[in-house]
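**Q** My structure is below; once you've seen it, I'll send some questions.
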Amino acid sequence: MAELSYSCSVSQGFNFQKDEQILVGHINTLKIGETELKADLNITDPEDDTKLVKVFGITSSIYWAGGYADPIQLDCQVSSDNKNVLAQFQHKSMKNTEVVFAFTTYDYDPKQKKYFKCFHSGDAKLNGLVLKSGGSLAFNIDINQSMEIVSPKNYSFNLGVMPQDLDMAVQIAISVTDKFAKKWGVQVAA
């Protein structure tokens, strides 16, 4: 099984430079339990640098071992407001660990001379559960400000998400034209 591991530039995510051709990613939306976190970071769309998009987080890394039952591990930078909401989750008992999220990771195609979506959730949001690892949840928000990008204030957040019992797919591309989907999650008959 081919694993996917992307280290993205947080600097490029916050301050997009079209002459830099490095990996960049966004956690577009995130809902944990009943709480929809804000997509409050207004950043440049790598596929169209004249357009701004609102996202929940700027990806620093994203990892998936490639199996349909394997978790997706997300590391990103989030706003002060979202840090405050996430810190409350960390200090309370999380009764509902359902996660609904969407993400996009971009790479640069030197032949086509443009960015493309290399690993993403497609048009659909993915449904999962916060990963349990050794009895505790794979969920952490740093309460200290990250200093890689000083403004706007941002905080490091990481989350592991196991797929729910549904047939879903993640989208993968090697270039602008070479694309395919891989299964994530398995439908369980009732």
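Naming works like this for the structure tokens: A, B, ... for the chains as they're shown, residue 1 at the start of each chain, ligands 1 onward in shown order.
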With only C-alpha atoms counted and 7 Å as the cut-off, give the residues of stretch 107-126 of chain A in contact with stretch 94-102 of chain A, each with its shortest interatomic distance in Å and the pair that gives it, as a Markdown table.

**A**
| residue | atom | partner | partner_atom | distance |
| --- | --- | --- | --- | --- |
| A:Ser121 | CA | A:Ala102 | CA | 5.5 |
| A:Lys125 | CA | A:Ala102 | CA | 5.0 |
| A:Leu126 | CA | A:Phe101 | CA | 5.4 |

**Q** For the selection just defined, write its residues with C-alpha atoms to a file, as a PDB file, in the first residue's frame.

**A**
ATOM      1  CA  SER A 121     -11.234  15.342  -0.224  1.00  0.00           C
ATOM      2  CA  LYS A 125     -16.695  16.248   2.995  1.00  0.00           C
ATOM      3  CA  LEU A 126     -15.217  13.178   4.701  1.00  0.00           C
TER       4      LEU A 126
END

**Q** With a distance cut-off of 8 Å and only C-alpha atoms, select the neighbouring residues of stretch 169-183 of chain A, excluding the residue or stretch itself and same-chain residues fewer than 5 positions from it, and output the selection as a VMD selection string.

**A** chain A and resid 67 to 68 108 to 109 112 115 to 122

**Q** Could you tell me which of A:Asn84, A:Thr59, A:Asn15, A:Thr104 comes closest to A:Glu47 if we count only C-alpha atoms?

**A**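 Among the listed residues, the smallest separation from A:Glu47 belongs to A:Thr104.
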
**Q** Using DSSP secondary structure from the backbone, list all helix (DSSP H, G or I) positions within stretch 13-188 of chain A, as number ranges by chain.

**A** A: 13-14, 80-91

**Q** Just write the chosen residues, N, CA and C atoms, as a PDB file, in the first residue's frame.

**A**
ATOM      1  N   GLY A  13       1.504  29.032   2.736  1.00  0.00           N
ATOM      2  CA  GLY A  13       0.060  28.995   2.976  1.00  0.00           C
ATOM      3  C   GLY A  13      -0.490  30.343   3.402  1.00  0.00           C
ATOM      4  N   PHE A  14       0.218  31.011   4.308  1.00  0.00           N
ATOM      5  CA  PHE A  14      -0.237  32.317   4.794  1.00  0.00           C
ATOM      6  C   PHE A  14       0.097  33.445   3.822  1.00  0.00           C
ATOM      7  N   SER A  80      -6.679  32.268  16.479  1.00  0.00           N
ATOM      8  CA  SER A  80      -6.877  32.404  17.935  1.00  0.00           C
ATOM      9  C   SER A  80      -8.274  31.940  18.345  1.00  0.00           C
ATOM     10  N   ASP A  81      -9.294  32.351  17.579  1.00  0.00           N
ATOM     11  CA  ASP A  81     -10.669  31.960  17.913  1.00  0.00           C
ATOM     12  C   ASP A  81     -10.832  30.445  17.898  1.00  0.00           C
ATOM     13  N   ASN A  82     -10.300  29.789  16.862  1.00  0.00           N
ATOM     14  CA  ASN A  82     -10.415  28.333  16.802  1.00  0.00           C
ATOM     15  C   ASN A  82      -9.568  27.658  17.872  1.00  0.00           C
ATOM     16  N   LYS A  83      -8.417  28.243  18.203  1.00  0.00           N
ATOM     17  CA  LYS A  83      -7.590  27.696  19.294  1.00  0.00           C
ATOM     18  C   LYS A  83      -8.398  27.669  20.587  1.00  0.00           C
ATOM     19  N   ASN A  84      -9.145  28.739  20.862  1.00  0.00           N
ATOM     20  CA  ASN A  84      -9.938  28.811  22.094  1.00  0.00           C
ATOM     21  C   ASN A  84     -11.007  27.725  22.142  1.00  0.00           C
ATOM     22  N   VAL A  85     -11.682  27.472  21.013  1.00  0.00           N
ATOM     23  CA  VAL A  85     -12.713  26.431  20.949  1.00  0.00           C
ATOM     24  C   VAL A  85     -12.073  25.045  21.116  1.00  0.00           C
ATOM     25  N   LEU A  86     -10.974  24.814  20.409  1.00  0.00           N
ATOM     26  CA  LEU A  86     -10.302  23.510  20.466  1.00  0.00           C
ATOM     27  C   LEU A  86      -9.715  23.225  21.847  1.00  0.00           C
ATOM     28  N   ALA A  87      -9.220  24.255  22.525  1.00  0.00           N
ATOM     29  CA  ALA A  87      -8.667  24.076  23.872  1.00  0.00           C
ATOM     30  C   ALA A  87      -9.746  23.602  24.841  1.00  0.00           C
ATOM     31  N   GLN A  88     -10.988  24.060  24.636  1.00  0.00           N
ATOM     32  CA  GLN A  88     -12.091  23.599  25.489  1.00  0.00           C
ATOM     33  C   GLN A  88     -12.334  22.103  25.286  1.00  0.00           C
ATOM     34  N   PHE A  89     -12.279  21.645  24.027  1.00  0.00           N
ATOM     35  CA  PHE A  89     -12.436  20.213  23.745  1.00  0.00           C
ATOM     36  C   PHE A  89     -11.369  19.411  24.484  1.00  0.00           C
ATOM     37  N   GLN A  90     -10.156  19.941  24.478  1.00  0.00           N
ATOM     38  CA  GLN A  90      -9.026  19.220  25.051  1.00  0.00           C
ATOM     39  C   GLN A  90      -9.168  19.037  26.558  1.00  0.00           C
ATOM     40  N   HIS A  91      -9.886  19.961  27.210  1.00  0.00           N
ATOM     41  CA  HIS A  91      -9.990  19.914  28.671  1.00  0.00           C
ATOM     42  C   HIS A  91     -11.315  19.351  29.174  1.00  0.00           C
TER      43      HIS A  91
END

**Q** Ranking A:Asn42, A:Thr50, A:Ser146, A:Ser60 by minimum distance to A:Val24 and counting only C-alpha atoms, which one comes first?

**A**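 Among the listed residues, the smallest separation from A:Val24 belongs to A:Ser60.
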
**Q** Given the choices A:Val150, A:Leu131, A:Lys18, A:Ile143, which gets closest to A:Asp45 if the distance is worked out from only C-alpha atoms?

**A**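 Result for the nearest residue to A:Asp45: A:Lys18.
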
**Q** Using only C-alpha atoms, which of A:Glu34, A:Gly128, A:Asn144, A:Lys153 sits nearest A:Asp70?

**A**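 The closest residue to A:Asp70 is A:Gly128.
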
**Q** Mind the document's chain letters and residue numbers, and return as a PyMOL selection string the residues of stretch 45-186 of chain A that DSSP labels strand (DSSP E).

**A** chain A and resi 45+48-55+57-64+72-78+98-109+114-120+126-130+132-133+136-137+139-141+155-163+168-173+179-184

**Q** Write out as a PyMOL selection string the residues lying within 12 Å of A:Gly57, counting only C-alpha atoms and excluding same-chain residues fewer than 3 positions away.

**A** chain A and resi 10+13-14+24-30+37-43+53-54+60-62+74-83+101-105+154-159

**Q** Take the residues that were just selected and, keeping C-alpha atoms, output them as a compact mmCIF listing (two decimals), in the first residue's frame.

**A**
# COMPACT_ATOMS: atom_id res chain seq x y z
CA VAL A 10 3.06 27.20 6.39
CA GLY A 13 0.06 28.99 2.98
CA PHE A 14 -0.24 32.32 4.79
CA VAL A 24 0.94 24.08 0.30
CA GLY A 25 -2.26 22.85 1.91
CA HIS A 26 -5.47 23.87 3.64
CA ILE A 27 -7.91 22.25 5.99
CA ASN A 28 -10.95 23.79 4.33
CA THR A 29 -13.58 22.90 6.93
CA LEU A 30 -13.73 21.03 10.23
CA LEU A 37 -15.18 25.48 13.57
CA LYS A 38 -14.77 28.77 11.74
CA ALA A 39 -13.18 28.97 8.30
CA ASP A 40 -11.69 32.34 9.29
CA LEU A 41 -8.30 32.43 7.56
CA ASN A 42 -8.59 34.39 4.32
CA ILE A 43 -5.80 33.16 2.07
CA VAL A 53 -10.57 31.55 -0.06
CA LYS A 54 -11.57 31.11 3.58
CA SER A 60 2.00 21.92 7.92
CA SER A 61 1.77 18.17 7.24
CA ILE A 62 -0.77 15.55 6.25
CA LEU A 74 -3.52 16.36 10.02
CA ASP A 75 -1.14 19.02 11.37
CA CYS A 76 -2.11 22.63 10.74
CA GLN A 77 -2.05 26.19 12.03
CA VAL A 78 -5.34 27.72 13.21
CA SER A 79 -6.61 31.12 14.34
CA SER A 80 -6.88 32.40 17.94
CA ASP A 81 -10.67 31.96 17.91
CA ASN A 82 -10.41 28.33 16.80
CA LYS A 83 -7.59 27.70 19.29
CA PHE A 101 -13.80 17.68 7.30
CA ALA A 102 -12.51 18.75 3.92
CA PHE A 103 -8.90 19.36 2.94
CA THR A 104 -6.81 20.26 -0.09
CA THR A 105 -3.07 19.80 -0.65
CA ASN A 154 -1.78 31.19 14.86
CA TYR A 155 -1.55 27.97 16.83
CA SER A 156 -0.43 24.44 16.02
CA PHE A 157 -3.22 21.84 15.93
CA ASN A 158 -2.97 18.14 15.16
CA LEU A 159 -5.70 15.59 14.72

**Q** Work out how far apart atom CA of A:Tyr63 and atom CA of A:Val188 are and give it in Å to one decimal.

**A**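 Rounded to one decimal, the two atoms are 24.8 Å apart.
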
**Q** Quick one: distance from atom CA of A:Ala124 to atom CA of A:Asn140 in Å, one decimal?

**A**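 Interatomic distance, atom CA of A:Ala124 to atom CA of A:Asn140: 25.2 Å.
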
**Q** Nearest residue to A:Gly33 out of A:Ser136, A:Ser93, A:Ser151, A:Ser9, using only C-alpha atoms?

**A** A:Ser93

**Q** I'd like the contact shell of A:Lys132 - 10 Å cut-off, only C-alpha atoms, skipping same-chain residues fewer than 2 positions apart - returned as a list in words.

**A**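 Skipping anything fewer than 2 positions along the chain leaves Thr97, Leu129, Val130, Gly134, Gly135, Ser136, Leu137, Ala138, Phe139, Gly160, Val161 and Met162 of chain A.
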
**Q** What does the structure give for the distance between atom CA of A:Thr44 and atom CA of A:Asn127, in Å to one decimal?

**A**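 Answer for the atom CA of A:Thr44 to atom CA of A:Asn127 separation: 26.2 Å.
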
**Q** Which residue out of A:Ile72, A:Ala2, A:Ile149, A:Gln21 has the minimum interatomic distance to A:Ile58 when only C-alpha atoms are used?

**A** A:Ile149
